$ cat query_39.cif   # mmCIF, N, CA and C atoms
data_data
#
loop_
_atom_site.group_PDB
_atom_site.id
_atom_site.type_symbol
_atom_site.label_atom_id
_atom_site.label_comp_id
_atom_site.auth_asym_id
_atom_site.auth_seq_id
_atom_site.Cartn_x
_atom_site.Cartn_y
_atom_site.Cartn_z
ATOM 1 N N MET O 1202 24.106 -0.452 7.629
ATOM 2 C CA MET O 1202 22.875 -0.777 8.320
ATOM 3 C C MET O 1202 21.895 0.382 8.154
ATOM 4 N N ALA O 1203 20.683 0.053 7.781
ATOM 5 C CA ALA O 1203 19.649 1.060 7.564
ATOM 6 C C ALA O 1203 19.178 1.634 8.900
ATOM 7 N N THR O 1204 18.817 2.898 8.882
ATOM 8 C CA THR O 1204 18.273 3.543 10.075
ATOM 9 C C THR O 1204 16.837 3.067 10.294
ATOM 10 N N LEU O 1205 16.309 3.333 11.459
ATOM 11 C CA LEU O 1205 14.925 2.974 11.763
ATOM 12 C C LEU O 1205 13.983 3.603 10.750
ATOM 13 N N HIS O 1206 14.192 4.859 10.437
ATOM 14 C CA HIS O 1206 13.350 5.564 9.463
ATOM 15 C C HIS O 1206 13.413 4.871 8.098
ATOM 16 N N GLU O 1207 14.600 4.500 7.666
ATOM 17 C CA GLU O 1207 14.755 3.806 6.382
ATOM 18 C C GLU O 1207 14.071 2.447 6.410
ATOM 19 N N ARG O 1208 14.224 1.716 7.503
ATOM 20 C CA ARG O 1208 13.596 0.385 7.599
ATOM 21 C C ARG O 1208 12.081 0.500 7.511
ATOM 22 N N LYS O 1209 11.506 1.492 8.189
ATOM 23 C CA LYS O 1209 10.054 1.696 8.117
ATOM 24 C C LYS O 1209 9.638 2.048 6.690
ATOM 25 N N ASN O 1210 10.409 2.897 6.036
ATOM 26 C CA ASN O 1210 10.106 3.261 4.646
ATOM 27 C C ASN O 1210 10.206 2.053 3.725
ATOM 28 N N TYR O 1211 11.190 1.195 3.933
ATOM 29 C CA TYR O 1211 11.335 -0.014 3.114
ATOM 30 C C TYR O 1211 10.118 -0.923 3.288
ATOM 31 N N ARG O 1212 9.689 -1.102 4.528
ATOM 32 C CA ARG O 1212 8.530 -1.972 4.776
ATOM 33 C C ARG O 1212 7.279 -1.398 4.123
ATOM 34 N N THR O 1213 7.083 -0.099 4.244
ATOM 35 C CA THR O 1213 5.934 0.551 3.615
ATOM 36 C C THR O 1213 5.994 0.413 2.103
ATOM 37 N N ALA O 1214 7.165 0.591 1.533
ATOM 38 C CA ALA O 1214 7.323 0.482 0.078
ATOM 39 C C ALA O 1214 6.994 -0.926 -0.398
ATOM 40 N N VAL O 1215 7.428 -1.930 0.342
ATOM 41 C CA VAL O 1215 7.133 -3.322 -0.029
ATOM 42 C C VAL O 1215 5.628 -3.559 0.020
ATOM 43 N N LEU O 1216 4.984 -3.128 1.096
ATOM 44 C CA LEU O 1216 3.529 -3.316 1.211
ATOM 45 C C LEU O 1216 2.784 -2.619 0.076
ATOM 46 N N LYS O 1217 3.170 -1.388 -0.227
ATOM 47 C CA LYS O 1217 2.492 -0.647 -1.293
ATOM 48 C C LYS O 1217 2.688 -1.320 -2.650
ATOM 49 N N ALA O 1218 3.887 -1.808 -2.915
ATOM 50 C CA ALA O 1218 4.152 -2.482 -4.191
ATOM 51 C C ALA O 1218 3.313 -3.754 -4.310
ATOM 52 N N LEU O 1219 3.209 -4.506 -3.233
ATOM 53 C CA LEU O 1219 2.410 -5.730 -3.260
ATOM 54 C C LEU O 1219 0.925 -5.421 -3.368
ATOM 55 N N TYR O 1220 0.488 -4.352 -2.722
ATOM 56 C CA TYR O 1220 -0.920 -3.958 -2.801
ATOM 57 C C TYR O 1220 -1.274 -3.530 -4.227
ATOM 58 N N ARG O 1221 -0.369 -2.793 -4.864
ATOM 59 C CA ARG O 1221 -0.585 -2.434 -6.282
ATOM 60 C C ARG O 1221 -0.673 -3.687 -7.140
ATOM 61 N N ALA O 1222 0.160 -4.672 -6.843
ATOM 62 C CA ALA O 1222 0.147 -5.916 -7.616
ATOM 63 C C ALA O 1222 -1.201 -6.622 -7.489
ATOM 64 N N THR O 1223 -1.794 -6.612 -6.287
ATOM 65 C CA THR O 1223 -3.106 -7.256 -6.136
ATOM 66 C C THR O 1223 -4.161 -6.507 -6.937
ATOM 67 N N GLY O 1224 -4.019 -5.187 -7.033
ATOM 68 C CA GLY O 1224 -4.946 -4.390 -7.834
ATOM 69 C C GLY O 1224 -4.828 -4.686 -9.317
ATOM 70 N N GLU O 1225 -3.665 -5.173 -9.726
ATOM 71 C CA GLU O 1225 -3.424 -5.552 -11.119
ATOM 72 C C GLU O 1225 -3.651 -7.046 -11.327
ATOM 73 N N ASN O 1226 -4.299 -7.673 -10.345
ATOM 74 C CA ASN O 1226 -4.649 -9.083 -10.397
ATOM 75 C C ASN O 1226 -3.420 -9.999 -10.436
ATOM 76 N N ARG O 1227 -2.344 -9.546 -9.797
ATOM 77 C CA ARG O 1227 -1.159 -10.385 -9.626
ATOM 78 C C ARG O 1227 -1.079 -10.738 -8.150
ATOM 79 N N PRO O 1228 -0.901 -12.002 -7.832
ATOM 80 C CA PRO O 1228 -0.939 -12.412 -6.428
ATOM 81 C C PRO O 1228 0.268 -11.986 -5.600
ATOM 82 N N GLY O 1229 1.360 -11.645 -6.223
ATOM 83 C CA GLY O 1229 2.550 -11.279 -5.471
ATOM 84 C C GLY O 1229 3.623 -10.774 -6.408
ATOM 85 N N ALA O 1230 4.839 -10.758 -5.886
ATOM 86 C CA ALA O 1230 5.965 -10.275 -6.672
ATOM 87 C C ALA O 1230 7.198 -11.094 -6.323
ATOM 88 N N THR O 1231 8.092 -11.204 -7.272
ATOM 89 C CA THR O 1231 9.348 -11.884 -6.984
ATOM 90 C C THR O 1231 10.218 -10.960 -6.139
ATOM 91 N N GLY O 1232 11.088 -11.560 -5.376
ATOM 92 C CA GLY O 1232 12.016 -10.768 -4.590
ATOM 93 C C GLY O 1232 12.892 -9.907 -5.475
ATOM 94 N N ALA O 1233 13.375 -10.492 -6.575
ATOM 95 C CA ALA O 1233 14.233 -9.735 -7.500
ATOM 96 C C ALA O 1233 13.459 -8.575 -8.111
ATOM 97 N N GLY O 1234 12.198 -8.795 -8.437
ATOM 98 C CA GLY O 1234 11.373 -7.728 -9.002
ATOM 99 C C GLY O 1234 11.168 -6.591 -8.016
ATOM 100 N N LEU O 1235 10.870 -6.950 -6.759
ATOM 101 C CA LEU O 1235 10.714 -5.920 -5.728
ATOM 102 C C LEU O 1235 12.011 -5.151 -5.530
ATOM 103 N N ARG O 1236 13.104 -5.879 -5.450
ATOM 104 C CA ARG O 1236 14.407 -5.237 -5.242
ATOM 105 C C ARG O 1236 14.695 -4.237 -6.346
ATOM 106 N N ASP O 1237 14.472 -4.658 -7.588
ATOM 107 C CA ASP O 1237 14.753 -3.783 -8.725
ATOM 108 C C ASP O 1237 13.760 -2.623 -8.811
ATOM 109 N N ASP O 1238 12.470 -2.910 -8.647
ATOM 110 C CA ASP O 1238 11.444 -1.864 -8.749
ATOM 111 C C ASP O 1238 11.590 -0.803 -7.661
ATOM 112 N N LEU O 1239 11.946 -1.248 -6.461
ATOM 113 C CA LEU O 1239 12.022 -0.323 -5.333
ATOM 114 C C LEU O 1239 13.431 0.210 -5.094
ATOM 115 N N GLY O 1240 14.406 -0.383 -5.759
ATOM 116 C CA GLY O 1240 15.788 0.060 -5.590
ATOM 117 C C GLY O 1240 16.334 -0.211 -4.200
ATOM 118 N N LEU O 1241 15.906 -1.323 -3.608
ATOM 119 C CA LEU O 1241 16.339 -1.664 -2.259
ATOM 120 C C LEU O 1241 17.551 -2.586 -2.292
ATOM 121 N N PRO O 1242 18.478 -2.384 -1.385
ATOM 122 C CA PRO O 1242 19.560 -3.359 -1.240
ATOM 123 C C PRO O 1242 18.972 -4.715 -0.833
ATOM 124 N N GLU O 1243 19.547 -5.785 -1.307
ATOM 125 C CA GLU O 1243 19.006 -7.127 -1.055
ATOM 126 C C GLU O 1243 18.859 -7.416 0.435
ATOM 127 N N GLN O 1244 19.843 -7.036 1.220
ATOM 128 C CA GLN O 1244 19.803 -7.279 2.669
ATOM 129 C C GLN O 1244 18.641 -6.527 3.314
ATOM 130 N N ASP O 1245 18.395 -5.310 2.885
ATOM 131 C CA ASP O 1245 17.305 -4.521 3.449
ATOM 132 C C ASP O 1245 15.944 -5.049 3.009
ATOM 133 N N LEU O 1246 15.843 -5.522 1.772
ATOM 134 C CA LEU O 1246 14.593 -6.133 1.316
ATOM 135 C C LEU O 1246 14.299 -7.387 2.133
ATOM 136 N N ALA O 1247 15.305 -8.211 2.351
ATOM 137 C CA ALA O 1247 15.122 -9.431 3.144
ATOM 138 C C ALA O 1247 14.667 -9.086 4.563
ATOM 139 N N ALA O 1248 15.279 -8.069 5.159
ATOM 140 C CA ALA O 1248 14.903 -7.669 6.516
ATOM 141 C C ALA O 1248 13.465 -7.157 6.559
ATOM 142 N N ALA O 1249 13.083 -6.366 5.563
ATOM 143 C CA ALA O 1249 11.710 -5.855 5.503
ATOM 144 C C ALA O 1249 10.715 -6.996 5.355
ATOM 145 N N CYS O 1250 11.014 -7.940 4.485
ATOM 146 C CA CYS O 1250 10.107 -9.071 4.268
ATOM 147 C C CYS O 1250 10.014 -9.948 5.513
ATOM 148 N N ARG O 1251 11.130 -10.145 6.191
ATOM 149 C CA ARG O 1251 11.133 -10.945 7.417
ATOM 150 C C ARG O 1251 10.250 -10.275 8.480
ATOM 151 N N TYR O 1252 10.375 -8.968 8.638
ATOM 152 C CA TYR O 1252 9.566 -8.226 9.600
ATOM 153 C C TYR O 1252 8.079 -8.335 9.239
ATOM 154 N N LEU O 1253 7.754 -8.071 7.982
ATOM 155 C CA LEU O 1253 6.353 -8.106 7.547
ATOM 156 C C LEU O 1253 5.764 -9.505 7.682
ATOM 157 N N ALA O 1254 6.566 -10.525 7.422
ATOM 158 C CA ALA O 1254 6.098 -11.909 7.585
ATOM 159 C C ALA O 1254 5.832 -12.194 9.063
ATOM 160 N N ASP O 1255 6.710 -11.741 9.941
ATOM 161 C CA ASP O 1255 6.509 -11.936 11.375
ATOM 162 C C ASP O 1255 5.239 -11.240 11.868
ATOM 163 N N GLU O 1256 4.882 -10.136 11.222
ATOM 164 C CA GLU O 1256 3.660 -9.404 11.569
ATOM 165 C C GLU O 1256 2.410 -10.030 10.937
ATOM 166 N N GLY O 1257 2.593 -11.030 10.079
ATOM 167 C CA GLY O 1257 1.469 -11.695 9.432
ATOM 168 C C GLY O 1257 0.912 -10.946 8.236
ATOM 169 N N LEU O 1258 1.668 -9.971 7.712
ATOM 170 C CA LEU O 1258 1.173 -9.155 6.607
ATOM 171 C C LEU O 1258 1.561 -9.699 5.236
ATOM 172 N N VAL O 1259 2.631 -10.479 5.174
ATOM 173 C CA VAL O 1259 3.068 -11.075 3.914
ATOM 174 C C VAL O 1259 3.473 -12.522 4.159
ATOM 175 N N GLU O 1260 3.468 -13.283 3.076
ATOM 176 C CA GLU O 1260 4.042 -14.628 3.075
ATOM 177 C C GLU O 1260 5.238 -14.581 2.146
ATOM 178 N N VAL O 1261 6.317 -15.227 2.559
ATOM 179 C CA VAL O 1261 7.553 -15.181 1.791
ATOM 180 C C VAL O 1261 8.033 -16.592 1.505
ATOM 181 N N ASP O 1262 8.351 -16.856 0.249
ATOM 182 C CA ASP O 1262 9.080 -18.058 -0.134
ATOM 183 C C ASP O 1262 10.537 -17.634 -0.216
ATOM 184 N N TRP O 1263 11.378 -18.260 0.603
ATOM 185 C CA TRP O 1263 12.780 -17.867 0.698
ATOM 186 C C TRP O 1263 13.667 -18.720 -0.201
ATOM 187 N N THR O 1264 14.720 -18.121 -0.716
ATOM 188 C CA THR O 1264 15.734 -18.871 -1.450
ATOM 189 C C THR O 1264 16.647 -19.548 -0.433
ATOM 190 N N THR O 1265 17.535 -20.377 -0.910
ATOM 191 C CA THR O 1265 18.497 -21.018 -0.011
ATOM 192 C C THR O 1265 19.485 -20.009 0.560
ATOM 193 N N HIS O 1266 19.561 -18.824 -0.030
ATOM 194 C CA HIS O 1266 20.453 -17.770 0.456
ATOM 195 C C HIS O 1266 19.739 -16.814 1.405
ATOM 196 N N ARG O 1267 18.506 -17.195 1.832
ATOM 197 C CA ARG O 1267 17.696 -16.390 2.748
ATOM 198 C C ARG O 1267 17.332 -15.025 2.187
ATOM 199 N N THR O 1268 17.099 -14.995 0.876
ATOM 200 C CA THR O 1268 16.562 -13.801 0.240
ATOM 201 C C THR O 1268 15.165 -14.161 -0.275
ATOM 202 N N PRO O 1269 14.281 -13.195 -0.408
ATOM 203 C CA PRO O 1269 12.917 -13.497 -0.845
ATOM 204 C C PRO O 1269 12.884 -13.948 -2.307
ATOM 205 N N ALA O 1270 12.284 -15.103 -2.545
ATOM 206 C CA ALA O 1270 12.073 -15.566 -3.917
ATOM 207 C C ALA O 1270 10.730 -15.043 -4.423
ATOM 208 N N MET O 1271 9.696 -15.151 -3.581
ATOM 209 C CA MET O 1271 8.350 -14.692 -3.925
ATOM 210 C C MET O 1271 7.718 -14.134 -2.662
ATOM 211 N N VAL O 1272 7.029 -12.998 -2.817
ATOM 212 C CA VAL O 1272 6.392 -12.337 -1.673
ATOM 213 C C VAL O 1272 4.948 -12.038 -2.042
ATOM 214 N N THR O 1273 4.024 -12.405 -1.161
ATOM 215 C CA THR O 1273 2.601 -12.133 -1.393
ATOM 216 C C THR O 1273 1.976 -11.530 -0.145
ATOM 217 N N LEU O 1274 0.995 -10.674 -0.352
ATOM 218 C CA LEU O 1274 0.239 -10.112 0.773
ATOM 219 C C LEU O 1274 -0.685 -11.177 1.333
ATOM 220 N N THR O 1275 -0.806 -11.217 2.628
ATOM 221 C CA THR O 1275 -1.806 -12.068 3.264
ATOM 222 C C THR O 1275 -3.136 -11.317 3.283
ATOM 223 N N HIS O 1276 -4.161 -11.999 3.714
ATOM 224 C CA HIS O 1276 -5.468 -11.343 3.862
ATOM 225 C C HIS O 1276 -5.350 -10.174 4.837
ATOM 226 N N GLU O 1277 -4.616 -10.390 5.916
ATOM 227 C CA GLU O 1277 -4.431 -9.313 6.908
ATOM 228 C C GLU O 1277 -3.662 -8.138 6.309
ATOM 229 N N GLY O 1278 -2.689 -8.431 5.457
ATOM 230 C CA GLY O 1278 -1.934 -7.372 4.789
ATOM 231 C C GLY O 1278 -2.829 -6.541 3.886
ATOM 232 N N ILE O 1279 -3.707 -7.212 3.158
ATOM 233 C CA ILE O 1279 -4.644 -6.499 2.289
ATOM 234 C C ILE O 1279 -5.583 -5.639 3.132
ATOM 235 N N ARG O 1280 -6.075 -6.204 4.227
ATOM 236 C CA ARG O 1280 -6.986 -5.438 5.103
ATOM 237 C C ARG O 1280 -6.289 -4.193 5.642
ATOM 238 N N GLN O 1281 -5.032 -4.328 6.035
ATOM 239 C CA GLN O 1281 -4.312 -3.164 6.559
ATOM 240 C C GLN O 1281 -4.116 -2.107 5.482
ATOM 241 N N MET O 1282 -3.768 -2.524 4.282
ATOM 242 C CA MET O 1282 -3.563 -1.569 3.202
ATOM 243 C C MET O 1282 -4.871 -0.878 2.830
ATOM 244 N N GLU O 1283 -5.975 -1.609 2.846
ATOM 245 C CA GLU O 1283 -7.276 -1.002 2.565
ATOM 246 C C GLU O 1283 -7.643 0.008 3.651
ATOM 247 N N ALA O 1284 -7.372 -0.332 4.901
ATOM 248 C CA ALA O 1284 -7.657 0.593 6.000
ATOM 249 C C ALA O 1284 -6.808 1.852 5.869
ATOM 250 N N ASP O 1285 -5.537 1.689 5.523
ATOM 251 C CA ASP O 1285 -4.658 2.837 5.324
ATOM 252 C C ASP O 1285 -5.157 3.710 4.172
ATOM 253 N N GLU O 1286 -5.627 3.058 3.104
ATOM 254 C CA GLU O 1286 -6.136 3.798 1.942
ATOM 255 C C GLU O 1286 -7.397 4.585 2.328
ATOM 256 N N GLU O 1287 -8.309 3.949 3.065
ATOM 257 C CA GLU O 1287 -9.522 4.635 3.499
ATOM 258 C C GLU O 1287 -9.203 5.794 4.433
ATOM 259 N N GLU O 1288 -8.234 5.599 5.312
ATOM 260 C CA GLU O 1288 -7.835 6.668 6.234
ATOM 261 C C GLU O 1288 -7.254 7.855 5.463
ATOM 262 N N GLY O 1289 -6.463 7.561 4.441
ATOM 263 C CA GLY O 1289 -5.887 8.622 3.618
ATOM 264 C C GLY O 1289 -6.959 9.390 2.864
ATOM 265 N N GLU O 1290 -7.969 8.685 2.376
ATOM 266 C CA GLU O 1290 -9.069 9.345 1.668
ATOM 267 C C GLU O 1290 -9.881 10.231 2.600
ATOM 268 N N ALA O 1291 -10.054 9.771 3.835
ATOM 269 C CA ALA O 1291 -10.834 10.548 4.803
ATOM 270 C C ALA O 1291 -10.115 11.841 5.175
ATOM 271 N N ARG O 1292 -8.777 11.797 5.188
ATOM 272 C CA ARG O 1292 -7.992 13.003 5.513
ATOM 273 C C ARG O 1292 -7.914 13.950 4.339
ATOM 274 N N GLY O 1293 -7.904 13.378 3.122
ATOM 275 C CA GLY O 1293 -7.661 14.210 1.925
ATOM 276 C C GLY O 1293 -8.880 14.748 1.349
#

$ encode --input "query_39.cif" --output "structure tokens"
Amino acid sequence: MATLHERKNYRTAVLKALYRATGENRPGATGAGLRDDLGLPEQDLAAACRYLADEGLVEVDWTTHRTPAMVTLTHEGIRQMEADEEEGEARG
């Protein structure tokens, strides 16, 4: 079981990967692609996506095994990532 710190890092990593995908004009990412790109265990990726979906930041198409098939940022997810990016620029 992942620690709270790890779970937060997993969620942040998923959001950042999806935000990069929107910048590359890709609407989302496959669950398998996210898992491989981020090196996340499948169970932890599913938990991160479930949390982010509950927060309204991503939409998830689930497989029959309850793992993410496709994950996309919602409008609210994009707005949050843009706000985080602007905040980082203001500090740096």

$ residues_around --input "query_39.cif" --residues "region 1206-1219 of chain O" --least-positions-apart "6" --cutoff "7 Å" --atoms "all atoms listed in the file" --output "tab-separated table (two decimals) with N, CA and C atoms, in the frame of the given file"
chain	number	residue	atom	x	y	z
O	1228	PRO	N	-0.90	-12.00	-7.83
O	1228	PRO	CA	-0.94	-12.41	-6.43
O	1228	PRO	C	0.27	-11.99	-5.60
O	1229	GLY	N	1.36	-11.64	-6.22
O	1229	GLY	CA	2.55	-11.28	-5.47
O	1229	GLY	C	3.62	-10.77	-6.41
O	1230	ALA	N	4.84	-10.76	-5.89
O	1230	ALA	CA	5.96	-10.28	-6.67
O	1230	ALA	C	7.20	-11.09	-6.32
O	1245	ASP	N	18.40	-5.31	2.88
O	1245	ASP	CA	17.30	-4.52	3.45
O	1245	ASP	C	15.94	-5.05	3.01
O	1249	ALA	N	13.08	-6.37	5.56
O	1249	ALA	CA	11.71	-5.86	5.50
O	1249	ALA	C	10.72	-7.00	5.36
O	1250	CYS	N	11.01	-7.94	4.49
O	1250	CYS	CA	10.11	-9.07	4.27
O	1250	CYS	C	10.01	-9.95	5.51
O	1253	LEU	N	7.75	-8.07	7.98
O	1253	LEU	CA	6.35	-8.11	7.55
O	1253	LEU	C	5.76	-9.51	7.68
O	1272	VAL	N	7.03	-13.00	-2.82
O	1272	VAL	CA	6.39	-12.34	-1.67
O	1272	VAL	C	4.95	-12.04	-2.04
O	1273	THR	N	4.02	-12.40	-1.16
O	1273	THR	CA	2.60	-12.13	-1.39
O	1273	THR	C	1.98	-11.53	-0.14
O	1274	LEU	N	1.00	-10.67	-0.35
O	1274	LEU	CA	0.24	-10.11	0.77
O	1274	LEU	C	-0.68	-11.18	1.33

$ closest_residue --input "query_39.cif" --among "O:Ala1284, O:Ala1233, O:Met1202, O:Leu1241" --to "Ala1270 (chain O)" --atoms "only N, CA and C atoms"
O:Ala1233

$ atom_distance --input "query_39.cif" --atom1 "CA of Glu1243 (chain O)" --atom2 "CA of Asp1285 (chain O)"
26.5 Å

$ atom_distance --input "query_39.cif" --atom1 "CA of Ala1203 (chain O)" --atom2 "CA of Met1282 (chain O)"
23.8 Å

$ closest_residue --input "query_39.cif" --among "O:Ala1291, O:Leu1205, O:Leu1246, O:Leu1235" --to "Thr1268 (chain O)" --atoms "only C-alpha atoms"
O:Leu1246

$ atom_distance --input "query_39.cif" --atom1 "CA of Glu1288 (chain O)" --atom2 "CA of Glu1260 (chain O)"
24.6 Å

$ closest_residue --input "query_39.cif" --among "O:Arg1292, O:Arg1267, O:Arg1227, O:Arg1221" --to "Arg1251 (chain O)" --atoms "only C-alpha atoms"
O:Arg1267

$ select_by_dssp --input "query_39.cif" --residues "chain O" --states "strand (DSSP E)" --output "list in words"
Gly1229, Ala1230, Thr1231, Val1259, Glu1260, Val1261, Asp1262, Trp1263, Pro1269, Ala1270, Met1271, Val1272, Thr1273 and Leu1274 of chain O

$ closest_residue --input "query_39.cif" --among "O:Thr1204, O:Thr1223, O:Trp1263, O:Pro1269" --to "Glu1283 (chain O)" --atoms "only C-alpha atoms"
O:Thr1223

$ select_by_dssp --input "query_39.cif" --residues "chain O" --states "alpha helix (DSSP H)" --output "number ranges by chain"
O: 1205-1224, 1232-1239, 1243-1255, 1276-1292

$ closest_residue --input "query_39.cif" --among "O:Ala1248, O:Gly1232, O:Glu1290, O:Leu1258" --to "Met1271 (chain O)" --atoms "all atoms listed in the file"
O:Gly1232

$ closest_residue --input "query_39.cif" --among "O:Val1261, O:Ile1279, O:Tyr1252, O:Pro1242" --to "Ala1222 (chain O)" --atoms "only C-alpha atoms"
O:Ile1279

$ decode --input "query_39.cif" --residues "region 1220-1228 of chain O" --atoms "all heavy atoms" --output "CSV table (one decimal), in the first residue's frame"
chain,number,residue,atom,x,y,z
O,1220,TYR,N,-1.5,16.9,-18.7
O,1220,TYR,CA,-1.3,18.3,-19.1
O,1220,TYR,C,-0.3,18.4,-20.2
O,1220,TYR,O,-0.6,19.1,-21.2
O,1220,TYR,CB,-1.0,19.1,-17.9
O,1220,TYR,CG,-1.0,20.6,-18.2
O,1220,TYR,CD1,-2.1,21.2,-18.6
O,1220,TYR,CD2,0.2,21.4,-18.0
O,1220,TYR,CE1,-2.1,22.6,-18.8
O,1220,TYR,CE2,0.2,22.7,-18.2
O,1220,TYR,CZ,-1.0,23.3,-18.6
O,1220,TYR,OH,-1.0,24.7,-18.8
O,1221,ARG,N,0.8,17.7,-20.1
O,1221,ARG,CA,1.8,17.7,-21.2
O,1221,ARG,C,1.1,17.1,-22.5
O,1221,ARG,O,1.4,17.7,-23.6
O,1221,ARG,CB,3.0,16.8,-20.9
O,1221,ARG,CG,4.0,17.5,-20.0
O,1221,ARG,CD,5.3,16.7,-19.9
O,1221,ARG,NE,5.1,15.3,-19.4
O,1221,ARG,CZ,5.1,15.0,-18.2
O,1221,ARG,NH1,5.3,15.9,-17.2
O,1221,ARG,NH2,4.9,13.7,-17.8
O,1222,ALA,N,0.3,16.1,-22.4
O,1222,ALA,CA,-0.4,15.5,-23.6
O,1222,ALA,C,-1.3,16.6,-24.2
O,1222,ALA,O,-1.3,16.7,-25.5
O,1222,ALA,CB,-1.2,14.3,-23.2
O,1223,THR,N,-2.0,17.4,-23.4
O,1223,THR,CA,-2.8,18.4,-24.1
O,1223,THR,C,-2.0,19.5,-24.8
O,1223,THR,O,-2.4,20.0,-25.8
O,1223,THR,CB,-3.7,19.1,-23.0
O,1223,THR,OG1,-2.9,19.8,-22.0
O,1223,THR,CG2,-4.7,18.1,-22.4
O,1224,GLY,N,-0.8,19.7,-24.3
O,1224,GLY,CA,0.1,20.7,-24.9
O,1224,GLY,C,0.6,20.1,-26.2
O,1224,GLY,O,1.0,20.9,-27.1
O,1225,GLU,N,0.6,18.8,-26.4
O,1225,GLU,CA,1.1,18.1,-27.6
O,1225,GLU,C,-0.1,17.8,-28.5
O,1225,GLU,O,0.0,17.0,-29.4
O,1225,GLU,CB,1.8,16.9,-27.3
O,1225,GLU,CG,3.1,17.1,-26.5
O,1225,GLU,CD,3.7,15.9,-25.9
O,1225,GLU,OE1,3.2,14.8,-26.1
O,1225,GLU,OE2,4.8,16.0,-25.3
O,1226,ASN,N,-1.3,18.4,-28.2
O,1226,ASN,CA,-2.5,18.3,-28.9
O,1226,ASN,C,-3.0,16.8,-28.9
O,1226,ASN,O,-3.6,16.4,-29.9
O,1226,ASN,CB,-2.3,18.8,-30.4
O,1226,ASN,CG,-3.6,19.3,-30.9
O,1226,ASN,OD1,-4.5,19.6,-30.2
O,1226,ASN,ND2,-3.7,19.3,-32.2
O,1227,ARG,N,-2.8,16.1,-27.8
O,1227,ARG,CA,-3.4,14.8,-27.6
O,1227,ARG,C,-4.4,15.0,-26.5
O,1227,ARG,O,-4.1,15.5,-25.4
O,1227,ARG,CB,-2.3,13.8,-27.2
O,1227,ARG,CG,-1.3,13.5,-28.3
O,1227,ARG,CD,-0.3,12.5,-27.9
O,1227,ARG,NE,0.6,13.1,-26.9
O,1227,ARG,CZ,1.0,12.4,-25.8
O,1227,ARG,NH1,0.7,11.1,-25.6
O,1227,ARG,NH2,1.8,13.0,-24.9
O,1228,PRO,N,-5.6,14.5,-26.7
O,1228,PRO,CA,-6.7,14.7,-25.7
O,1228,PRO,C,-6.5,13.9,-24.4
O,1228,PRO,O,-7.1,14.2,-23.4
O,1228,PRO,CB,-7.9,14.2,-26.4
O,1228,PRO,CG,-7.4,13.2,-27.4
O,1228,PRO,CD,-6.1,13.7,-27.8
